[in-house]
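Below is protein.cif, holding mmCIF, C-alpha atoms.
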```cif
data_data
loop_
_atom_site.label_atom_id
_atom_site.label_comp_id
_atom_site.auth_asym_id
_atom_site.auth_seq_id
_atom_site.Cartn_x
_atom_site.Cartn_y
_atom_site.Cartn_z
CA MET A 168 30.12 4.15 10.22
CA ARG A 169 29.63 0.77 8.58
CA THR A 170 26.66 -1.57 8.45
CA GLN A 171 25.51 -4.41 6.25
CA VAL A 172 22.32 -2.81 4.88
CA VAL A 173 21.16 0.80 4.69
CA ILE A 174 17.40 1.22 4.31
CA ILE A 175 16.31 4.64 3.06
CA GLY A 176 12.77 5.34 4.23
CA GLY A 177 11.17 4.69 7.61
CA GLY A 178 7.71 3.74 6.40
CA PRO A 179 6.19 0.29 6.89
CA SER A 180 8.13 -1.47 4.12
CA GLY A 181 11.52 -0.22 5.28
CA LEU A 182 10.74 -0.94 8.91
CA LEU A 183 9.38 -4.41 8.13
CA LEU A 184 12.47 -5.33 6.13
CA GLY A 185 14.71 -3.97 8.87
CA GLN A 186 12.94 -5.97 11.57
CA LEU A 187 12.98 -9.18 9.53
CA LEU A 188 16.70 -8.79 8.88
CA HIS A 189 17.32 -8.12 12.57
CA GLN A 190 15.57 -11.38 13.42
CA ARG A 191 18.18 -13.16 11.30
CA GLY A 192 21.15 -11.26 12.69
CA ILE A 193 21.64 -9.01 9.65
CA GLU A 194 22.47 -5.43 10.61
CA ALA A 195 20.43 -2.64 9.03
CA VAL A 196 20.28 1.13 9.63
CA VAL A 197 17.04 2.94 8.70
CA LEU A 198 17.16 6.57 7.54
CA GLU A 199 13.94 8.62 7.68
CA ARG A 200 13.52 12.17 6.40
CA LYS A 201 10.70 13.08 8.80
CA THR A 202 10.06 12.58 12.51
CA ARG A 203 8.47 9.44 13.93
CA ASP A 204 5.35 11.43 14.86
CA TYR A 205 5.03 12.75 11.33
CA VAL A 206 5.25 9.26 9.83
CA LEU A 207 2.66 7.97 12.30
CA GLY A 208 0.36 10.87 11.43
CA ARG A 209 -0.05 9.72 7.83
CA ILE A 210 -3.42 8.03 7.26
CA ARG A 211 -3.29 5.11 4.85
CA ALA A 212 -5.29 2.01 3.92
CA GLY A 213 -5.61 -0.85 6.34
CA VAL A 214 -6.46 -4.01 4.37
CA LEU A 215 -3.71 -6.58 4.94
CA GLU A 216 -3.22 -9.65 2.75
CA ALA A 217 -2.38 -12.99 4.31
CA GLY A 218 1.22 -12.72 3.04
CA LEU A 219 1.79 -9.44 4.88
CA VAL A 220 0.28 -10.87 8.07
CA LYS A 221 2.68 -13.83 7.84
CA LEU A 222 5.64 -11.45 7.45
CA MET A 223 4.49 -9.53 10.53
CA GLU A 224 4.40 -12.83 12.42
CA GLU A 225 7.91 -13.68 11.25
CA ALA A 226 9.11 -10.24 12.31
CA GLY A 227 7.64 -10.83 15.78
CA VAL A 228 5.19 -7.90 15.60
CA ALA A 229 1.80 -9.53 15.06
CA ASP A 230 0.44 -9.68 18.63
CA ARG A 231 -1.49 -6.40 18.55
CA LEU A 232 -2.59 -7.05 14.97
CA TYR A 233 -4.29 -10.27 16.10
CA ALA A 234 -5.73 -8.65 19.23
CA GLU A 235 -7.16 -5.55 17.53
CA GLY A 236 -7.43 -6.38 13.82
CA TYR A 237 -10.64 -7.53 12.17
CA LEU A 238 -10.83 -10.63 10.02
CA HIS A 239 -12.93 -10.00 6.91
CA ASP A 240 -14.17 -13.08 5.10
CA GLY A 241 -15.54 -11.12 2.16
CA THR A 242 -16.56 -7.77 0.71
CA GLN A 243 -19.63 -6.08 -0.70
CA ILE A 244 -20.03 -4.69 -4.23
CA ALA A 245 -22.86 -2.22 -4.89
CA CYS A 246 -24.28 -1.14 -8.25
CA ASP A 247 -27.61 0.40 -9.27
CA GLY A 248 -28.79 0.49 -5.68
CA GLU A 249 -28.20 -3.22 -5.02
CA MET A 250 -25.40 -5.09 -3.25
CA PHE A 251 -23.87 -8.52 -3.57
CA HIS A 252 -21.34 -10.35 -1.44
CA ILE A 253 -18.06 -11.98 -2.49
CA ASP A 254 -17.08 -14.66 0.03
CA PHE A 255 -13.27 -14.79 0.32
CA LYS A 256 -13.27 -17.59 2.87
CA LYS A 257 -15.49 -19.84 0.76
CA LEU A 258 -13.69 -19.10 -2.50
CA THR A 259 -10.06 -19.09 -1.32
CA GLY A 260 -10.04 -20.34 2.27
CA ARG A 261 -8.40 -17.08 3.39
CA PRO A 262 -9.63 -13.78 4.84
CA VAL A 263 -8.02 -10.34 4.84
CA VAL A 264 -7.26 -8.42 8.04
CA ILE A 265 -8.42 -4.86 8.65
CA TYR A 266 -5.67 -3.13 10.62
CA GLY A 267 -4.56 0.42 9.93
CA GLN A 268 -1.25 1.02 8.20
CA THR A 269 -0.47 3.56 10.91
CA GLU A 270 -0.76 0.78 13.47
CA VAL A 271 1.50 -1.50 11.42
CA THR A 272 4.08 1.28 11.37
CA ARG A 273 3.70 1.96 15.10
CA ASP A 274 4.20 -1.72 15.93
CA LEU A 275 7.33 -1.86 13.80
CA TYR A 276 8.79 1.33 15.31
CA ASP A 277 8.15 0.01 18.82
CA ALA A 278 9.78 -3.34 17.98
CA ARG A 279 12.78 -1.62 16.44
CA ALA A 280 13.23 0.59 19.49
CA ALA A 281 12.85 -2.41 21.83
CA VAL A 282 15.82 -4.21 20.27
CA GLY A 283 17.94 -1.06 19.99
CA ALA A 284 18.12 -1.13 16.19
CA GLN A 285 19.43 2.11 14.71
CA THR A 286 16.90 4.48 13.15
CA GLU A 287 17.95 8.00 12.19
CA PHE A 288 15.18 10.60 11.88
CA GLU A 289 15.15 14.03 10.24
CA VAL A 290 17.93 13.20 7.84
CA ASP A 291 18.36 15.45 4.81
CA HIS A 292 20.35 15.58 1.58
CA VAL A 293 20.52 11.80 1.35
CA ALA A 294 22.74 10.63 -1.51
CA ILE A 295 23.67 7.14 -2.69
CA HIS A 296 27.21 6.63 -3.96
CA GLY A 297 28.84 3.71 -5.74
CA ALA A 298 25.67 1.67 -6.10
CA ASP A 299 27.10 0.06 -9.22
CA THR A 300 30.27 -0.99 -7.36
CA ASP A 301 31.02 -3.50 -4.60
CA SER A 302 31.44 -0.67 -2.06
CA PRO A 303 28.32 1.51 -1.92
CA CYS A 304 27.79 4.17 0.70
CA VAL A 305 25.11 6.64 1.73
CA THR A 306 25.73 10.20 2.86
CA TYR A 307 23.31 12.54 4.60
CA THR A 308 23.07 15.55 6.86
CA GLN A 309 21.41 15.62 10.26
CA GLU A 310 21.21 18.57 12.67
CA GLY A 311 23.82 20.40 10.64
CA GLY A 312 26.34 17.54 10.62
CA ASP A 313 27.56 15.44 7.69
CA PHE A 314 27.43 11.66 7.95
CA ARG A 315 28.47 8.67 5.84
CA ILE A 316 27.52 5.00 6.14
CA ASP A 317 29.45 2.36 4.21
CA CYS A 318 27.48 -0.79 3.53
CA ASP A 319 27.00 -3.91 1.43
CA PHE A 320 23.57 -2.99 0.07
CA VAL A 321 21.26 0.03 -0.16
CA ILE A 322 17.50 -0.50 -0.09
CA GLY A 323 15.31 2.32 -1.40
CA CYS A 324 12.01 2.37 0.49
CA ASP A 325 11.69 6.15 0.17
CA GLY A 326 8.57 6.39 -1.97
CA PHE A 327 7.74 7.81 -5.36
CA HIS A 328 9.52 11.14 -4.76
CA GLY A 329 12.57 9.71 -2.99
CA VAL A 330 16.20 9.77 -4.06
CA SER A 331 16.60 6.02 -4.63
CA ARG A 332 14.86 5.60 -7.98
CA GLN A 333 16.42 8.83 -9.26
CA THR A 334 19.87 7.35 -8.52
CA ILE A 335 19.38 4.73 -11.23
CA PRO A 336 20.53 6.25 -14.55
CA LEU A 337 17.83 7.13 -17.08
CA ASN A 338 19.44 4.92 -19.70
CA VAL A 339 19.02 1.95 -17.31
CA ARG A 340 15.46 2.35 -16.04
CA ARG A 341 12.24 2.32 -17.96
CA GLU A 342 9.06 3.78 -16.51
CA TYR A 343 5.43 2.91 -17.25
CA GLU A 344 2.67 5.20 -16.06
CA LYS A 345 -1.07 5.77 -16.28
CA THR A 346 -2.76 8.72 -14.61
CA TYR A 347 -6.48 8.66 -13.89
CA PRO A 348 -8.81 11.62 -14.58
CA PHE A 349 -10.16 11.76 -11.02
CA GLY A 350 -9.10 11.56 -7.38
CA TRP A 351 -10.36 10.14 -4.12
CA LEU A 352 -11.73 12.42 -1.41
CA GLY A 353 -11.20 10.61 1.89
CA VAL A 354 -12.80 11.38 5.26
CA LEU A 355 -11.95 9.85 8.63
CA SER A 356 -14.64 10.15 11.32
CA ARG A 357 -15.20 8.89 14.86
CA THR A 358 -18.32 7.02 13.89
CA PRO A 359 -19.23 3.31 13.84
CA PRO A 360 -18.77 1.65 10.42
CA VAL A 361 -21.93 1.43 8.35
CA HIS A 362 -21.30 -2.26 7.58
CA ASP A 363 -19.12 -5.04 8.97
CA GLU A 364 -17.42 -5.43 5.56
CA LEU A 365 -16.04 -2.95 3.05
CA ILE A 366 -18.57 -1.67 0.49
CA TYR A 367 -17.32 -0.76 -2.99
CA ALA A 368 -20.02 1.21 -4.80
CA ASN A 369 -20.46 2.01 -8.49
CA SER A 370 -23.06 4.73 -9.13
CA ASP A 371 -23.96 7.14 -11.89
CA ARG A 372 -22.56 9.91 -9.66
CA GLY A 373 -19.18 8.17 -9.30
CA PHE A 374 -17.41 5.69 -7.08
CA ALA A 375 -17.73 5.45 -3.28
CA LEU A 376 -16.08 3.24 -0.65
CA CYS A 377 -17.22 2.56 2.90
CA SER A 378 -14.35 1.28 5.04
CA MET A 379 -13.27 1.26 8.68
CA ARG A 380 -10.34 1.34 11.07
CA ASN A 381 -12.09 -0.04 14.15
CA GLU A 382 -15.55 -0.26 15.71
CA ASN A 383 -15.60 3.50 16.40
CA LEU A 384 -13.48 4.85 13.53
CA SER A 385 -14.69 4.88 9.94
CA ARG A 386 -13.02 5.77 6.66
CA TYR A 387 -15.08 6.81 3.62
CA TYR A 388 -14.08 7.81 0.11
CA LEU A 389 -15.73 9.53 -2.85
CA GLN A 390 -14.51 9.82 -6.42
CA CYS A 391 -13.97 13.53 -7.08
CA ALA A 392 -12.57 15.89 -9.68
CA LEU A 393 -8.81 16.41 -9.74
CA SER A 394 -9.47 20.14 -9.49
CA ASP A 395 -11.27 19.74 -6.13
CA HIS A 396 -9.67 20.69 -2.82
CA PRO A 397 -10.60 19.28 0.61
CA GLU A 398 -11.84 22.68 1.74
CA ASP A 399 -14.33 22.67 -1.15
CA TRP A 400 -16.20 19.88 0.63
CA THR A 401 -18.04 20.62 3.86
CA ASP A 402 -18.81 17.63 6.05
CA ALA A 403 -22.51 18.02 5.21
CA ALA A 404 -21.76 17.99 1.48
CA PHE A 405 -19.61 14.87 1.84
CA TRP A 406 -22.19 12.89 3.82
CA GLY A 407 -24.96 13.96 1.49
CA GLU A 408 -23.03 12.84 -1.59
CA LEU A 409 -22.01 9.56 0.03
CA ARG A 410 -25.67 8.78 0.75
CA ARG A 411 -26.53 9.37 -2.89
CA ARG A 412 -23.89 6.91 -4.10
CA VAL A 413 -24.61 3.90 -1.87
CA PRO A 414 -27.70 1.67 -1.73
CA GLU A 415 -30.64 3.13 0.19
CA GLU A 416 -30.40 0.51 2.94
CA ILE A 417 -26.80 1.64 3.62
CA ALA A 418 -27.63 5.35 3.39
CA ASP A 419 -30.43 4.94 5.93
CA ARG A 420 -28.16 3.49 8.62
CA LEU A 421 -25.11 5.69 7.97
CA VAL A 422 -23.96 7.41 11.18
CA THR A 423 -22.34 10.75 10.41
CA GLY A 424 -20.14 13.06 12.44
CA PRO A 425 -17.40 15.69 12.16
CA SER A 426 -14.45 14.71 10.01
CA ILE A 427 -11.16 14.40 11.87
CA GLU A 428 -9.12 14.14 8.66
CA LYS A 429 -10.02 15.05 5.09
CA SER A 430 -7.76 14.75 2.07
CA ILE A 431 -7.75 14.26 -1.70
CA ALA A 432 -5.40 11.85 -3.45
CA PRO A 433 -4.90 11.56 -7.21
CA LEU A 434 -4.84 8.05 -8.70
CA ARG A 435 -1.86 6.70 -10.60
CA SER A 436 -0.53 3.39 -11.90
CA PHE A 437 3.26 3.41 -12.15
CA VAL A 438 6.05 0.84 -12.49
CA THR A 439 9.77 1.27 -13.00
CA GLU A 440 12.00 -1.50 -14.32
CA PRO A 441 14.39 -2.88 -13.20
CA MET A 442 14.01 -2.75 -9.42
CA ARG A 443 17.74 -3.34 -8.93
CA TRP A 444 20.83 -1.50 -10.08
CA GLY A 445 24.07 -2.94 -8.79
CA ARG A 446 23.77 -2.99 -5.01
CA LEU A 447 20.77 -0.67 -4.91
CA PHE A 448 17.31 -2.27 -4.63
CA LEU A 449 13.96 -0.49 -4.93
CA CYS A 450 11.09 -1.55 -2.72
CA GLY A 451 7.44 -0.44 -2.53
CA ASP A 452 6.38 2.99 -3.76
CA ALA A 453 9.93 3.77 -4.87
CA ALA A 454 9.36 1.27 -7.68
CA HIS A 455 5.61 1.13 -8.22
CA ILE A 456 2.31 2.85 -7.42
CA VAL A 457 -1.19 1.39 -7.70
CA PRO A 458 -4.58 3.09 -7.44
CA PRO A 459 -5.98 2.51 -3.94
CA THR A 460 -8.87 0.46 -5.33
CA GLY A 461 -8.29 -3.03 -3.94
CA ALA A 462 -5.74 -1.86 -1.32
CA LYS A 463 -2.64 -3.22 -3.04
CA GLY A 464 -0.11 -0.47 -2.22
CA LEU A 465 1.17 -1.66 1.16
CA ASN A 466 0.58 -5.30 0.24
CA THR A 467 2.63 -5.07 -2.95
CA ALA A 468 5.43 -3.41 -0.98
CA ALA A 469 5.24 -6.35 1.42
CA SER A 470 5.74 -8.81 -1.42
CA ASP A 471 8.87 -6.86 -2.42
CA VAL A 472 10.05 -7.16 1.19
CA HIS A 473 9.44 -10.92 1.06
CA TYR A 474 11.61 -11.44 -2.03
CA LEU A 475 14.34 -9.07 -0.86
CA TYR A 476 14.46 -10.42 2.69
CA HIS A 477 14.83 -14.00 1.53
CA GLY A 478 17.38 -12.97 -1.09
CA LEU A 479 19.52 -11.16 1.50
CA CYS A 480 19.28 -14.06 3.95
CA GLN A 481 20.38 -16.42 1.17
CA TYR A 482 23.31 -14.10 0.42
CA TYR A 483 24.52 -13.75 4.03
CA GLU A 484 23.71 -17.21 5.35
CA GLU A 485 24.45 -19.39 2.33
CA LYS A 486 26.90 -17.16 0.39
CA ASP A 487 24.52 -17.50 -2.57
CA SER A 488 23.50 -14.43 -4.62
CA GLU A 489 20.71 -16.17 -6.58
CA GLY A 490 17.95 -14.53 -4.51
CA ILE A 491 19.19 -10.98 -4.91
CA ASP A 492 20.13 -11.57 -8.55
CA ARG A 493 16.55 -12.58 -9.32
CA TYR A 494 14.88 -10.07 -6.98
CA SER A 495 13.78 -7.64 -9.67
CA GLU A 496 12.44 -10.39 -11.93
CA ARG A 497 10.46 -12.08 -9.15
CA ALA A 498 9.13 -8.87 -7.62
CA LEU A 499 8.04 -7.41 -10.96
CA MET A 500 6.20 -10.58 -11.94
CA ARG A 501 3.91 -10.13 -8.94
CA VAL A 502 3.84 -6.33 -9.16
CA TRP A 503 2.39 -6.39 -12.67
CA LYS A 504 -0.36 -8.78 -11.57
CA ALA A 505 -1.26 -6.41 -8.74
CA GLU A 506 -1.17 -3.49 -11.17
CA ARG A 507 -3.55 -5.33 -13.49
CA PHE A 508 -6.01 -6.08 -10.69
CA SER A 509 -5.95 -2.50 -9.37
CA TRP A 510 -6.39 -1.07 -12.88
CA TRP A 511 -9.25 -3.48 -13.67
CA PHE A 512 -11.05 -2.93 -10.35
CA SER A 513 -10.73 0.85 -10.78
CA SER A 514 -12.14 0.59 -14.31
CA LEU A 515 -15.03 -1.49 -12.99
CA LEU A 516 -16.16 1.01 -10.36
CA HIS A 517 -15.39 4.56 -11.48
CA ARG A 518 -17.05 6.95 -13.88
CA TYR A 519 -14.66 8.20 -16.55
CA PRO A 520 -15.30 11.53 -18.31
CA ASP A 521 -14.95 10.00 -21.79
CA GLN A 522 -17.19 6.95 -21.21
CA SER A 523 -19.70 6.42 -23.99
CA PRO A 524 -23.13 4.78 -23.47
CA PHE A 525 -21.56 1.59 -24.86
CA ASP A 526 -18.71 1.81 -22.31
CA LEU A 527 -21.21 2.15 -19.48
CA LYS A 528 -23.14 -0.89 -20.69
CA MET A 529 -19.90 -2.89 -20.78
CA GLN A 530 -19.10 -1.77 -17.24
CA GLN A 531 -22.56 -2.87 -16.07
CA ALA A 532 -22.16 -6.21 -17.84
CA ASP A 533 -18.77 -6.71 -16.20
CA ILE A 534 -20.26 -6.11 -12.75
CA ALA A 535 -23.17 -8.45 -13.53
CA PHE A 536 -20.72 -11.14 -14.62
CA LEU A 537 -18.83 -10.76 -11.34
CA ARG A 538 -22.12 -10.98 -9.43
CA ASP A 539 -23.39 -14.09 -11.23
CA ASN A 540 -20.31 -16.15 -12.08
CA GLU A 541 -18.51 -18.10 -9.36
CA ALA A 542 -15.32 -18.53 -11.39
CA GLN A 543 -15.07 -14.76 -11.82
CA GLN A 544 -15.71 -14.28 -8.11
CA ARG A 545 -12.97 -16.78 -7.31
CA ALA A 546 -10.50 -14.93 -9.55
CA PHE A 547 -11.49 -11.67 -7.85
CA ALA A 548 -11.14 -13.18 -4.38
CA GLU A 549 -7.74 -14.72 -5.14
CA ASN A 550 -6.42 -11.34 -6.24
CA TYR A 551 -8.01 -9.44 -3.36
CA VAL A 552 -6.74 -11.67 -0.54
CA GLY A 553 -3.34 -11.77 -2.23
CA LEU A 554 -1.64 -13.88 -4.86
CA PRO A 555 1.01 -16.26 -3.49
CA TYR A 556 4.61 -15.08 -3.25
#
```
Before we go any further, please render this structure as structure tokens.
Amino acid sequence: MRTQVVIIGGGPSGLLLGQLLHQRGIEAVVLERKTRDYVLGRIRAGVLEAGLVKLMEEAGVADRLYAEGYLHDGTQIACDGEMFHIDFKKLTGRPVVIYGQTEVTRDLYDARAAVGAQTEFEVDHVAIHGADTDSPCVTYTQEGGDFRIDCDFVIGCDGFHGVSRQTIPLNVRREYEKTYPFGWLGVLSRTPPVHDELIYANSDRGFALCSMRNENLSRYYLQCALSDHPEDWTDAAFWGELRRRVPEEIADRLVTGPSIEKSIAPLRSFVTEPMRWGRLFLCGDAAHIVPPTGAKGLNTAASDVHYLYHGLCQYYEEKDSEGIDRYSERALMRVWKAERFSWWFSSLLHRYPDQSPFDLKMQQADIAFLRDNEAQQRAFAENYVGLPY
């Protein structure tokens, strides 16, 4: 088989790139290790920057997003039992959209199926060959058979543990990593959100986040020890701890219920450079990871998609390789800014085991500065709603 582009990974970034390319008549095959139902069963963040929303529009898959998503003009920050508001619309002129990543993925799968674009599920033993030549190919097994796809380009959207990054030789890539000494315990419940905006809470017991998926589905998070397991936390223990970490006015109106999903995720900052080797390009989690504070994971993957999509269109439509040649440079410039914001916002809100009394005072002063200084709020808002591409 031959195609123009092989995309490894059927998550939202791979699907979005595939749909955008299809809209421009560029052929792409998507390979996914799991089933469609498995991919759609993964619960992820749902805060979409304006840039990602625009890409969804361009891909022709924004109708349900606009019908069911929630525009958020700001967010709430809580500390020492008090809350303050940061007004995105006033400070930047732009909101964010609350729309679950699962729904983004579902919309993209449905669009891909509607146009008959090729997606192969349950592929195994994926290998990339000749990425540093003009004739790359990808091999894989599926239902006991061996397959090969020749192509012009290979796009690695297969996440942190995927094969794509590992294909780049160690003497070519350089990796930067920070691991955090805590995780996030997340609970999904069929309960109305406690507030109409997200609440990020700093408390002496640790970080908490009150979020939502829709008017009857809420998502809450607690900072927890890396040694914890979901089964260590009963629903009653979770709700009780959440109440202790948010302002009293929020705790009093919190509606609780049985959890329908409970998980713990470690926090990591990670970047690999470069994001291109020959005709292999890394996109999203295959190249970089951010802590979930600030919801930059999917949005940073979307900015990669933006640069790569325009670079490939420039290559095929104008016979000009400038866009793909500069892909890694352009993507990394924005990636590092998102990494900085996620690292800073995490440092602002969490309790670290080695924090001294001085460190805690500095954290409190940083929050107070954000509360009281409009220029700092504007910088925060610009980063949160998404830096320009």
Subject >> Interatomic distance (Å, one decimal) between atom CA of Glu270 of chain A and atom CA of Leu207 of chain A >> reply: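 Spanning atom CA of Glu270 of chain A to atom CA of Leu207 of chain A is a straight-line distance of 8.0 Å.
Among the candidates A:Gly192, A:Pro359, A:Gly478, A:Gly283, the residue lying nearest to Phe448 of chain A is A:Gly478 (atoms considered: all atoms listed in the file).
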Subject >> Pick from A:Tyr266, A:Trp406, A:Trp400, A:Tyr367 nearest to Leu516 of chain A, counting all atoms listed in the file >> reply: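 Smallest distance to Leu516 of chain A is found for A:Tyr367.
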Original post:
At a cut-off of 12 Å from (-3.3, -15.9, -5.1) in the coordinates of the file, what residues are picked up using all atoms listed in the file, written as a PyMOL selection string?
Top reply: chain A and resi 216-218+255+258-262+501+504-505+508+545-556
**OP:** Report as a ChimeraX atom specification the full result of the PyMOL selection byres ((chain A and resi 309-315) around 8) when it is applied to this structure.
**Re:** /A:168,289-291,304-308,316-317
**OP:** Report as a PyMOL selection string the full result of the PyMOL selection byres ((chain A and resi 186) around 12) when it is applied to this structure.
**Re:** chain A and resi 172+174+177+179-185+187-197+222-228+272+274-286+472+476
Convert the current residue selection to file output with C-alpha atoms, as a short mmCIF file (atom, residue, chain, number, x, y, z; two decimals), in the coordinates of the input.
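Saved result, again.cif, follows:
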```cif
data_model
loop_
_atom_site.label_atom_id
_atom_site.label_comp_id
_atom_site.auth_asym_id
_atom_site.auth_seq_id
_atom_site.Cartn_x
_atom_site.Cartn_y
_atom_site.Cartn_z
CA VAL A 172 22.32 -2.81 4.88
CA ILE A 174 17.40 1.22 4.31
CA GLY A 177 11.17 4.69 7.61
CA PRO A 179 6.19 0.29 6.89
CA SER A 180 8.13 -1.47 4.12
CA GLY A 181 11.52 -0.22 5.28
CA LEU A 182 10.74 -0.94 8.91
CA LEU A 183 9.38 -4.41 8.13
CA LEU A 184 12.47 -5.33 6.13
CA GLY A 185 14.71 -3.97 8.87
CA LEU A 187 12.98 -9.18 9.53
CA LEU A 188 16.70 -8.79 8.88
CA HIS A 189 17.32 -8.12 12.57
CA GLN A 190 15.57 -11.38 13.42
CA ARG A 191 18.18 -13.16 11.30
CA GLY A 192 21.15 -11.26 12.69
CA ILE A 193 21.64 -9.01 9.65
CA GLU A 194 22.47 -5.43 10.61
CA ALA A 195 20.43 -2.64 9.03
CA VAL A 196 20.28 1.13 9.63
CA VAL A 197 17.04 2.94 8.70
CA LEU A 222 5.64 -11.45 7.45
CA MET A 223 4.49 -9.53 10.53
CA GLU A 224 4.40 -12.83 12.42
CA GLU A 225 7.91 -13.68 11.25
CA ALA A 226 9.11 -10.24 12.31
CA GLY A 227 7.64 -10.83 15.78
CA VAL A 228 5.19 -7.90 15.60
CA THR A 272 4.08 1.28 11.37
CA ASP A 274 4.20 -1.72 15.93
CA LEU A 275 7.33 -1.86 13.80
CA TYR A 276 8.79 1.33 15.31
CA ASP A 277 8.15 0.01 18.82
CA ALA A 278 9.78 -3.34 17.98
CA ARG A 279 12.78 -1.62 16.44
CA ALA A 280 13.23 0.59 19.49
CA ALA A 281 12.85 -2.41 21.83
CA VAL A 282 15.82 -4.21 20.27
CA GLY A 283 17.94 -1.06 19.99
CA ALA A 284 18.12 -1.13 16.19
CA GLN A 285 19.43 2.11 14.71
CA THR A 286 16.90 4.48 13.15
CA VAL A 472 10.05 -7.16 1.19
CA TYR A 476 14.46 -10.42 2.69
#
```
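Proximity ranking of A:Leu475, A:Leu515, A:Ile456, A:Cys480 relative to Ala498 of chain A places A:Leu475 first, based on all atoms listed in the file.
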Subject >> Selected residue of minimal separation from Tyr482 of chain A among A:Tyr387, A:Phe374, A:Trp444, A:Phe320, counting all atoms listed in the file >> reply: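 Answer, going by the shortest atom-to-atom distance: A:Phe320.
Residue nearest Trp351 of chain A within the list A:Thr334, A:Asp230, A:His517, A:Gly323: A:His517 [criterion: smallest interatomic distance, all atoms listed in the file].
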**OP:** Using all atoms listed in the file, find all polymer residues with an atom at most 12 Å away from the point (0.8, 11.3, 12.8); report them as a ChimeraX atom specification.
**Re:** /A:201-211,268-270,272-273,428
Original post:
If we count only C-alpha atoms, what is near Leu393 of chain A at a cut-off of 9 Å, once residues fewer than 6 positions away on the same chain are taken out, given as a VMD selection string?
Top reply: chain A and resid 348 to 351 431 to 433
